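A.B. asks: Sharing target_23.txt here; it has compact mmCIF, C-alpha atoms.
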# COMPACT_ATOMS: atom_id res chain seq x y z
CA MET A 1 152.61 82.81 98.37
CA GLN A 2 149.88 85.30 99.17
CA ARG A 3 147.55 86.08 96.31
CA PRO A 4 147.44 89.70 95.14
CA PHE A 5 144.33 91.62 96.07
CA PHE A 6 142.85 91.66 92.58
CA PHE A 7 142.89 87.86 92.40
CA ALA A 8 141.18 87.63 95.77
CA LEU A 9 138.66 90.21 94.56
CA ALA A 10 137.89 88.17 91.45
CA ALA A 11 137.54 84.94 93.37
CA LEU A 12 135.26 86.43 95.99
CA ALA A 13 133.15 88.22 93.41
CA VAL A 14 132.54 84.97 91.59
CA LEU A 15 131.50 83.36 94.87
CA LEU A 16 129.14 86.26 95.52
CA LEU A 17 127.38 85.49 92.26
CA GLY A 18 126.00 82.27 93.68
CA THR A 19 122.99 81.28 91.62
CA GLN A 20 122.03 84.84 90.67
CA GLU A 21 121.76 85.85 87.05
CA PRO A 22 124.88 87.71 85.83
CA GLN A 23 124.37 91.45 85.33
CA ALA A 24 127.31 91.90 82.95
CA GLU A 25 126.59 90.08 79.73
CA SER A 26 129.20 88.78 77.32
CA ILE A 27 129.66 90.54 73.95
CA ILE A 28 130.48 87.85 71.41
CA GLU A 29 130.17 89.70 68.10
CA CYS A 30 133.33 91.38 66.88
CA GLU A 31 131.80 94.07 64.69
CA PRO A 32 132.43 97.84 64.55
CA GLN A 33 130.01 100.24 66.20
CA GLY A 34 130.23 103.78 64.89
CA ASN A 35 133.84 104.98 65.05
CA ALA A 36 134.96 102.09 67.28
CA ARG A 37 136.40 98.94 65.75
CA PRO A 38 137.20 95.93 67.96
CA ILE A 39 140.27 93.80 67.31
CA CYS A 40 139.52 90.42 68.84
CA ALA A 41 142.92 88.79 69.18
CA PHE A 42 143.94 89.27 72.81
CA SER A 43 143.48 87.98 76.34
CA ASN A 44 142.72 90.61 78.99
CA PRO A 45 144.71 93.53 77.45
CA GLU A 46 144.65 95.57 80.66
CA ASP A 47 147.20 98.32 79.95
CA ILE A 48 148.80 99.88 76.86
CA VAL A 49 151.73 102.22 76.13
CA ALA A 50 152.86 103.86 72.89
CA LEU A 51 156.23 102.92 71.37
CA PRO A 52 158.47 105.60 69.82
CA GLY A 53 157.58 106.40 66.22
CA ASP A 54 153.85 105.73 66.67
CA GLN A 55 153.98 102.67 64.44
CA ALA A 56 153.32 100.15 67.21
CA ILE A 57 151.99 99.91 70.74
CA LEU A 58 152.98 97.62 73.61
CA ILE A 59 150.22 95.78 75.48
CA GLY A 60 150.31 94.05 78.84
CA GLU A 61 147.92 91.11 79.13
CA TYR A 62 146.52 90.27 82.52
CA GLY A 63 146.27 86.64 83.58
CA ALA A 64 143.16 87.31 85.75
CA SER A 65 144.14 84.67 88.30
CA ALA A 66 147.21 83.66 90.26
CA GLU A 67 147.48 80.53 88.13
CA ALA A 68 147.04 82.07 84.66
CA THR A 69 150.01 83.47 82.73
CA GLY A 70 149.97 86.86 81.07
CA ARG A 71 152.37 88.26 78.46
CA LEU A 72 153.77 91.42 76.90
CA LEU A 73 153.17 91.89 73.20
CA VAL A 74 153.80 94.41 70.43
CA PHE A 75 150.89 95.33 68.15
CA GLU A 76 151.73 96.85 64.76
CA LEU A 77 149.29 99.61 63.89
CA GLU A 78 149.34 99.38 60.09
CA SER A 79 149.38 95.61 59.61
CA GLU A 80 147.60 94.81 62.91
CA LYS A 81 150.05 91.97 63.44
CA GLN A 82 151.09 91.14 66.97
CA HIS A 83 154.04 89.30 68.42
CA THR A 84 154.89 88.25 71.96
CA VAL A 85 157.98 89.95 73.38
CA PHE A 86 157.88 88.39 76.85
CA ARG A 87 156.19 85.46 78.49
CA GLY A 88 157.03 84.10 81.94
CA GLY A 89 159.99 81.74 81.96
CA GLN A 90 160.85 82.45 78.31
CA GLY A 91 162.42 85.89 78.24
CA LYS A 92 165.98 87.08 77.69
CA GLY A 93 168.11 89.33 79.85
CA ALA A 94 169.94 89.56 83.14
CA ALA A 95 170.00 91.89 86.14
CA GLU A 96 171.98 95.07 85.57
CA PRO A 97 173.21 97.71 88.06
CA GLY A 98 171.03 100.80 88.09
CA TRP A 99 167.91 98.87 87.11
CA GLY A 100 165.97 98.30 90.31
CA ASP A 101 166.86 96.64 93.59
CA PRO A 102 170.30 94.92 93.54
CA THR A 103 168.84 92.05 95.59
CA CYS A 104 166.59 91.09 92.66
CA ALA A 105 168.86 88.91 90.56
CA THR A 106 166.60 86.55 88.61
CA PRO A 107 163.93 87.10 85.92
CA PRO A 108 160.25 86.32 86.62
CA GLY A 109 159.23 82.68 86.74
CA GLU A 110 156.70 80.99 84.50
CA LYS A 111 153.77 82.53 86.37
CA PHE A 112 154.31 86.00 84.97
CA ASN A 113 151.22 88.17 85.30
CA SER A 114 151.39 91.79 84.19
CA HIS A 115 149.10 94.53 85.50
CA GLY A 116 149.89 98.25 85.16
CA ILE A 117 152.76 99.21 82.82
CA ASP A 118 154.68 102.38 81.92
CA LEU A 119 157.45 103.32 79.49
CA VAL A 120 160.12 105.99 79.97
CA ARG A 121 163.23 107.23 78.16
CA ARG A 122 165.93 107.05 80.81
CA ASP A 123 168.51 109.78 81.29
CA ASP A 124 171.08 107.44 79.71
CA GLY A 125 168.96 107.26 76.54
CA ARG A 126 167.71 103.70 76.97
CA LEU A 127 164.01 102.80 77.02
CA GLN A 128 162.74 101.30 80.26
CA LEU A 129 159.44 99.44 80.63
CA LEU A 130 158.04 99.02 84.13
CA VAL A 131 155.52 96.24 84.77
CA ILE A 132 153.49 95.49 87.91
CA GLN A 133 153.81 91.72 88.27
CA HIS A 134 151.62 89.45 90.42
CA GLY A 135 152.43 85.92 89.27
CA SER A 136 155.69 84.47 90.54
CA ARG A 137 156.21 87.43 92.88
CA GLU A 138 154.66 90.77 93.78
CA ALA A 139 157.10 93.20 92.19
CA VAL A 140 157.79 95.92 89.67
CA GLU A 141 159.68 94.24 86.83
CA LEU A 142 162.06 96.35 84.74
CA PHE A 143 162.70 95.64 81.06
CA GLU A 144 164.80 97.37 78.43
CA VAL A 145 162.85 97.99 75.22
CA ILE A 146 165.06 97.75 72.14
CA GLY A 147 164.22 98.42 68.49
CA ALA A 148 162.51 100.88 66.16
CA ARG A 149 159.38 101.31 64.06
CA THR A 150 157.59 97.93 64.32
CA ASN A 151 160.62 95.79 65.19
CA TRP A 152 160.84 95.66 68.98
CA ARG A 153 162.05 93.29 71.67
CA VAL A 154 162.36 93.49 75.45
CA GLU A 155 165.08 92.18 77.77
CA TRP A 156 164.68 91.86 81.53
CA ARG A 157 167.08 94.07 83.49
CA GLY A 158 165.91 93.87 87.11
CA CYS A 159 163.02 94.26 89.53
CA VAL A 160 161.90 95.94 92.72
CA PRO A 161 160.04 93.69 95.19
CA ALA A 162 156.81 95.24 96.43
CA PRO A 163 156.61 96.66 99.96
CA PRO A 164 155.49 94.12 102.56
CA ASN A 165 151.79 93.20 102.37
CA ALA A 166 151.12 95.49 99.40
CA SER A 167 149.08 94.55 96.33
CA LEU A 168 150.25 96.99 93.67
CA ASN A 169 148.17 98.23 90.76
CA SER A 170 149.73 100.89 88.54
CA VAL A 171 153.15 102.47 88.03
CA ALA A 172 154.52 105.80 86.75
CA ALA A 173 158.17 106.09 85.71
CA VAL A 174 160.63 108.97 85.99
CA SER A 175 163.65 109.30 83.68
CA ASN A 176 166.23 109.14 86.51
CA GLY A 177 165.19 105.58 87.44
CA ASP A 178 162.72 106.51 90.18
CA PHE A 179 159.06 105.55 89.96
CA TYR A 180 155.71 105.89 91.71
CA THR A 181 153.23 103.09 92.28
CA THR A 182 149.82 102.58 93.86
CA GLN A 183 148.90 100.07 96.51
CA MET A 184 145.24 99.33 95.89
CA ALA A 185 144.85 97.31 99.10
CA PRO A 186 146.79 95.14 101.53
CA LEU A 187 147.20 91.45 100.89
CA GLU A 188 146.31 90.60 104.48
CA PRO A 189 143.83 90.95 105.98
CA PRO A 190 141.79 90.79 102.77
CA VAL A 191 139.31 93.58 102.13
CA ASP A 192 135.74 92.58 102.99
CA LEU A 193 133.78 92.71 99.74
CA THR A 194 130.53 91.20 100.94
CA GLN A 195 129.00 94.68 101.14
CA GLY A 196 130.43 95.82 97.80
CA ILE A 197 133.50 97.86 96.90
CA PRO A 198 134.91 99.41 100.10
CA ARG A 199 134.64 103.16 100.69
CA HIS A 200 137.20 103.28 103.49
CA ILE A 201 140.95 103.81 103.05
CA THR A 202 142.58 100.71 101.56
CA GLY A 203 145.88 102.01 100.22
CA HIS A 204 148.05 104.89 99.00
CA ALA A 205 150.86 105.74 96.60
CA TYR A 206 154.56 104.97 97.08
CA ALA A 207 157.67 106.66 95.73
CA TRP A 208 160.66 104.44 95.00
CA SER A 209 164.14 105.94 94.67
CA GLN A 210 166.95 104.42 92.62
CA SER A 211 169.52 106.32 94.70
CA ASP A 212 168.74 104.48 97.93
CA THR A 213 166.62 101.62 96.50
CA SER A 214 163.80 102.18 98.97
CA PHE A 215 160.07 102.92 99.10
CA ARG A 216 158.42 105.75 100.97
CA LYS A 217 154.74 106.48 101.35
CA ILE A 218 153.65 109.67 99.55
CA GLY A 219 151.67 111.96 101.82
CA GLY A 220 148.20 113.00 100.76
CA THR A 221 147.51 109.80 98.82
CA GLU A 222 145.63 107.59 101.27
CA GLY A 223 142.36 106.60 99.67
CA ALA A 224 139.76 104.00 98.80
CA MET A 225 141.10 101.66 96.10
CA PRO A 226 144.01 103.70 94.63
CA ASN A 227 144.38 102.71 90.98
CA GLY A 228 145.92 104.46 87.96
CA ILE A 229 148.80 106.89 88.36
CA VAL A 230 150.84 109.18 86.09
CA SER A 231 153.71 111.52 86.88
CA SER A 232 154.64 114.93 85.57
CA PRO A 233 157.73 114.64 83.34
CA ASP A 234 159.98 116.13 86.02
CA GLY A 235 158.59 113.82 88.70
CA ARG A 236 157.35 116.68 90.93
CA PHE A 237 153.66 115.82 90.76
CA ILE A 238 151.54 112.71 90.53
CA TYR A 239 147.95 112.32 89.40
CA MET A 240 146.39 109.41 91.29
CA ASN A 241 143.02 107.80 90.66
CA ALA A 242 141.04 106.55 93.66
CA THR A 243 138.44 104.26 92.14
CA ALA A 244 136.04 103.92 95.06
CA GLU A 245 136.20 107.67 95.81
CA HIS A 246 135.41 108.65 92.18
CA SER A 247 138.31 111.06 92.27
CA VAL A 248 141.63 112.00 90.70
CA ARG A 249 144.11 113.84 92.92
CA LYS A 250 147.08 116.01 91.96
CA VAL A 251 149.71 115.71 94.68
CA GLU A 252 153.13 117.30 95.12
CA VAL A 253 155.42 114.34 95.77
CA ALA A 254 157.97 116.06 98.01
CA THR A 255 155.43 117.58 100.40
CA GLY A 256 152.32 115.41 100.05
CA ARG A 257 150.32 118.59 99.43
CA GLU A 258 147.13 118.08 97.42
CA LEU A 259 147.00 120.68 94.65
CA GLY A 260 143.68 119.75 93.12
CA ARG A 261 141.02 117.09 92.82
CA ALA A 262 138.65 116.12 90.01
CA THR A 263 135.48 114.04 90.21
CA VAL A 264 135.55 111.08 87.81
CA ASP A 265 133.26 108.04 87.94
CA SER A 266 135.24 104.95 89.05
CA PRO A 267 138.53 105.97 87.41
CA ASP A 268 140.88 103.17 86.34
CA ASN A 269 144.13 103.73 84.40
CA ALA A 270 145.52 107.07 83.26
CA ARG A 271 147.70 108.02 80.27
CA TRP A 272 149.25 111.27 79.08
CA ALA A 273 147.91 112.45 75.72
CA PRO A 274 150.15 114.17 73.14
CA ASP A 275 148.39 117.49 73.84
CA GLY A 276 149.35 117.44 77.53
CA ARG A 277 146.01 116.30 78.93
CA VAL A 278 145.53 113.18 81.03
CA LEU A 279 143.22 110.53 79.56
CA ILE A 280 141.32 108.51 82.14
CA ALA A 281 139.28 105.36 81.68
CA SER A 282 136.09 105.71 83.72
CA LEU A 283 133.48 103.06 84.46
CA ALA A 284 129.99 104.47 84.13
CA ARG A 285 128.89 103.27 87.57
CA ASP A 286 129.94 101.41 90.69
CA LEU A 287 130.24 97.68 90.16
CA THR A 288 128.44 95.28 92.44
CA GLY A 289 130.13 92.03 93.39
CA GLU A 290 127.67 90.26 91.10
CA GLU A 291 128.58 92.44 88.09
CA PHE A 292 132.28 92.07 88.68
CA GLY A 293 131.95 88.33 89.14
CA ALA A 294 129.91 88.01 85.94
CA CYS A 295 132.57 89.96 84.05
CA VAL A 296 135.57 87.93 85.25
CA SER A 297 133.70 84.67 84.64
CA ILE A 298 133.25 85.39 80.92
CA GLU A 299 134.99 82.69 78.91
CA GLN A 300 134.45 84.17 75.45
CA GLY A 301 134.03 87.65 74.04
CA ALA A 302 134.09 90.86 76.06
CA CYS A 303 132.47 92.26 79.18
CA SER A 304 129.60 94.72 78.59
CA ILE A 305 130.05 97.12 81.52
CA PRO A 306 129.64 100.73 80.23
CA PHE A 307 132.65 103.06 80.33
CA LYS A 308 134.06 106.24 78.86
CA ILE A 309 137.44 107.84 78.18
CA VAL A 310 137.67 111.40 79.45
CA ALA A 311 140.34 114.12 79.16
CA LEU A 312 141.55 115.89 82.31
CA ASP A 313 143.22 119.31 82.25
CA PRO A 314 146.15 118.78 84.65
CA ASP A 315 146.34 122.47 85.57
CA SER A 316 142.70 123.23 86.35
CA MET A 317 141.94 119.62 87.37
CA THR A 318 138.69 119.67 85.43
CA ILE A 319 137.28 117.21 82.91
CA VAL A 320 137.26 119.06 79.60
CA GLU A 321 136.15 116.43 77.10
CA THR A 322 134.73 112.94 76.69
CA LEU A 323 136.64 111.30 73.84
CA TYR A 324 134.63 108.09 73.75
CA ALA A 325 131.70 106.53 75.61
CA THR A 326 129.80 103.28 75.21
CA ASP A 327 126.92 101.44 76.88
CA GLY A 328 128.41 98.08 75.92
CA ALA A 329 129.12 96.79 72.41
CA PRO A 330 131.57 96.46 70.84
CA MET A 331 133.48 96.29 74.16
CA GLY A 332 132.83 97.21 77.77
CA ALA A 333 134.92 97.50 80.95
CA GLY A 334 137.56 99.75 79.40
CA THR A 335 140.63 100.21 81.60
CA VAL A 336 142.92 102.46 79.57
CA GLY A 337 142.70 104.99 76.75
CA LEU A 338 145.88 105.67 74.76
CA ARG A 339 145.90 108.30 72.02
CA VAL A 340 148.18 107.76 69.03
CA GLY A 341 147.68 110.35 66.28
CA ASP A 342 143.97 110.58 65.51
CA GLU A 343 143.15 107.25 67.11
CA LEU A 344 142.33 106.00 70.58
CA PHE A 345 143.36 102.51 71.67
CA ILE A 346 141.38 101.07 74.58
CA GLY A 347 142.10 97.96 76.67
CA SER A 348 140.09 95.95 79.19
CA PHE A 349 140.81 93.93 82.33
CA HIS A 350 138.80 90.99 80.99
CA GLY A 351 137.98 89.99 77.43
CA ASP A 352 139.36 89.06 74.04
CA ARG A 353 139.73 92.48 72.42
CA ILE A 354 140.95 96.04 72.28
CA LEU A 355 139.10 98.93 70.66
CA ARG A 356 140.53 101.09 67.91
CA VAL A 357 138.59 104.37 67.87
CA ASN A 358 138.83 106.90 65.03
CA LEU A 359 138.74 110.39 66.53
CA LYS A 360 138.73 112.36 63.26
Show me the file's structure as structure tokens.

C.D. replies:
Amino acid sequence: MQRPFFFALAALAVLLLGTQEPQAESIIECEPQGNARPICAFSNPEDIVALPGDQAILIGEYGASAEATGRLLVFELESEKQHTVFRGGQGKGAAEPGWGDPTCATPPGEKFNSHGIDLVRRDDGRLQLLVIQHGSREAVELFEVIGARTNWRVEWRGCVPAPPNASLNSVAAVSNGDFYTTQMAPLEPPVDLTQGIPRHITGHAYAWSQSDTSFRKIGGTEGAMPNGIVSSPDGRFIYMNATAEHSVRKVEVATGRELGRATVDSPDNARWAPDGRVLIASLARDLTGEEFGACVSIEQGACSIPFKIVALDPDSMTIVETLYATDGAPMGAGTVGLRVGDELFIGSFHGDRILRVNLK
């Protein structure tokens, strides 16, 4: 099985380190800094979504290699307890018509490795979680989320295999069963990283339709390292982050027409905020291969790469506010900012913690 692009990126970056001194130091202490409090009880909590009722959030942990196993977990906001709701080879559920590609009939194997996730209330009233999965297969896995308040479980309902030679990154769901996803890069030939993060076109966004169970490339989305993606509630528009271009594009899905573009430093994941703005995790600078390699090689604590969470006005396509910024401690390399009430929850692609930021 071909390794997803991110795993190849991590492996090559570590090789690029050679004998050089790492430039991204490990943060071991788990102490608050200002209004940000770390919760050090996770393993690579790369993406986060809010659960109905705002009493819990769902976190996808990233395995960080083709061999490591990630999981899905629920984190209770008041008690700060967590419990695993899915781990590869251990979940419940069976394929169901109307949930993905009918040719996908079996749940993920033991090597389950989640990346981008999204949650949507389907038109039939059921909650659907979409998970980019790199472990046992390159696919979008579909789960039904069942429960209330802090008592939640997930059951696998189907999947959509990725397009040929595509390493997927993020996913945005629509209530009718359709979704959008980003291809960061091809699997083969691998992107040459010896000169740093590529500036040329490496991927684009796809639209997948439940009605004909097929992918199509969305016009106007070709870019350098496409990453986070969110959709307007009606599915007409997408907002796609291109990490290596330092940009966020607003694109009309049906026509591929670009309706606006914002400049954002190395944007990663995106999340809708309750006030209708788009929150984007932004690395403070380009990463060298050495910095990335130092970060993914950390065995304890958190990566120290500076980042910020910014708010994008989706109409004017301008950055209107920085909600949080850090030069390192208590956590660096933030990949997602999720607002729940007066708090911001921030995840990372590598490390042992999330941040809980008080915005009041």

A.B. asks: Enter the distance from atom CA of A:Ile197 to atom CA of A:Leu279, in Å, rounded to one decimal.

C.D. replies: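 That distance, rounded to one decimal, is 23.6 Å.
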
A.B. asks: With distances taken over only C-alpha atoms, which residue among A:Gln300, A:Gln90, A:Gln133, A:Asn176 lies nearest A:Arg121?

C.D. replies: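 The answer is A:Asn176, which sits nearest to A:Arg121.
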
A.B. asks: Between atom CA of A:Ser304 and atom CA of A:Pro226, measure the distance and give it in Å to one decimal.

C.D. replies: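 Interatomic distance here is 23.4 Å.
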
A.B. asks: Would you list the residues near (165.5, 97.2, 68.9), meaning any protein, DNA or RNA residue with an atom at most 12 Å from that point in file coordinates, counting only C-alpha atoms, as an MDAnalysis selection string?

C.D. replies: chainID A and resid 51:52 85 126:127 144:155

A.B. asks: Between atom CA of A:Ser316 and atom CA of A:Asp265, what distance in Å does the model show, to one decimal?

C.D. replies: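 Atom CA of A:Asp265 lies 18.0 Å from atom CA of A:Ser316.
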
A.B. asks: I need the residue nearest A:Ser348 from this list: A:Glu96, A:Asp123, A:Asp268, A:Asp54. Use all atoms listed in the file for the distance.

C.D. replies: A:Asp268

A.B. asks: Which is closer to A:His350 than all the others in A:Phe75, A:Tyr324, A:Phe42, A:Trp99, using all atoms listed in the file?

C.D. replies: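 Between A:Phe75, A:Tyr324, A:Phe42, A:Trp99, the residue approaching A:His350 most closely is A:Phe42.
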
A.B. asks: So which one's closest to A:Val140, A:Asp101, A:Glu245, A:Glu80, A:Asp313? Using all atoms listed in the file, please.

C.D. replies: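 Answer, going by the shortest atom-to-atom distance: A:Asp101.
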
A.B. asks: Would you place a box with edges along x, y and z of the file around all atoms of stretch 127-146 of chain A listed there, add 3 Å to each of its six sides, and report the centre and edge lengths in Å to one decimal, as JSON?

C.D. replies:
{"center_x": 158.3, "center_y": 93.6, "center_z": 83.0, "size_x": 19.4, "size_y": 24.3, "size_z": 27.6}

A.B. asks: Tell me which of A:Ile39, A:Val74, A:Ala254, A:Ala50 sits closest to A:Gly301, counting all atoms listed in the file.

C.D. replies: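 So, comparing all the options, the nearest one is A:Ile39.
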
A.B. asks: Please determine, counting all atoms listed in the file, which residue among A:Ala273, A:Met240, A:Pro97, A:Ile57 has the shortest atom-to-atom distance to A:Glu78.

C.D. replies: A:Ile57

A.B. asks: For A:Gly34, list every protein, DNA or RNA residue within 12 Å, evaluated using all atoms listed in the file, and leave out those in the same chain fewer than 2 positions away; present the list as a ChimeraX atom specification.

C.D. replies: /A:31-32,36-38,324-326,329-330,355-359

A.B. asks: Can I get the selection written as a tab-separated table (two decimals), in the coordinates of the input, with C-alpha atoms?

C.D. replies:
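Saved to again-v7.tsv:
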chain	number	residue	atom	x	y	z
A	31	GLU	CA	131.80	94.07	64.69
A	32	PRO	CA	132.43	97.84	64.55
A	36	ALA	CA	134.96	102.09	67.28
A	37	ARG	CA	136.40	98.94	65.75
A	38	PRO	CA	137.20	95.93	67.96
A	324	TYR	CA	134.63	108.09	73.75
A	325	ALA	CA	131.70	106.53	75.61
A	326	THR	CA	129.80	103.28	75.21
A	329	ALA	CA	129.12	96.79	72.41
A	330	PRO	CA	131.57	96.46	70.84
A	355	LEU	CA	139.10	98.93	70.66
A	356	ARG	CA	140.53	101.09	67.91
A	357	VAL	CA	138.59	104.37	67.87
A	358	ASN	CA	138.83	106.90	65.03
A	359	LEU	CA	138.74	110.39	66.53

A.B. asks: Please return as an MDAnalysis selection string every residue within 7 Å of (160.6, 103.9, 81.6), taking into account all atoms listed in the file and the file's own coordinates.

C.D. replies: chainID A and resid 118:122 127:130 173:175

A.B. asks: Might you pull out every residue within 10 Å of A:Gln183, with only C-alpha atoms counted and same-chain residues fewer than 2 positions away left off, and present them as a ChimeraX atom specification?

C.D. replies: /A:5,162-163,165-171,181,185-187,202-206,217,222-223,225-227

A.B. asks: Considering only C-alpha atoms, return as a list of chain:residue names whatever protein or nucleic-acid residues lie within 6 Å of stretch 105-114 of chain A, sequence-local ones (same chain, fewer than 5 positions apart) excluded.

C.D. replies: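 So, after excluding close chain neighbours, the residues are A:Gly60, A:Tyr62, A:Gly63, A:Thr69, A:Gly70, A:Gly88, A:Gly89, A:Ala95, A:Ile132, A:Gln133, A:His134, A:Gly135, A:Ser136.
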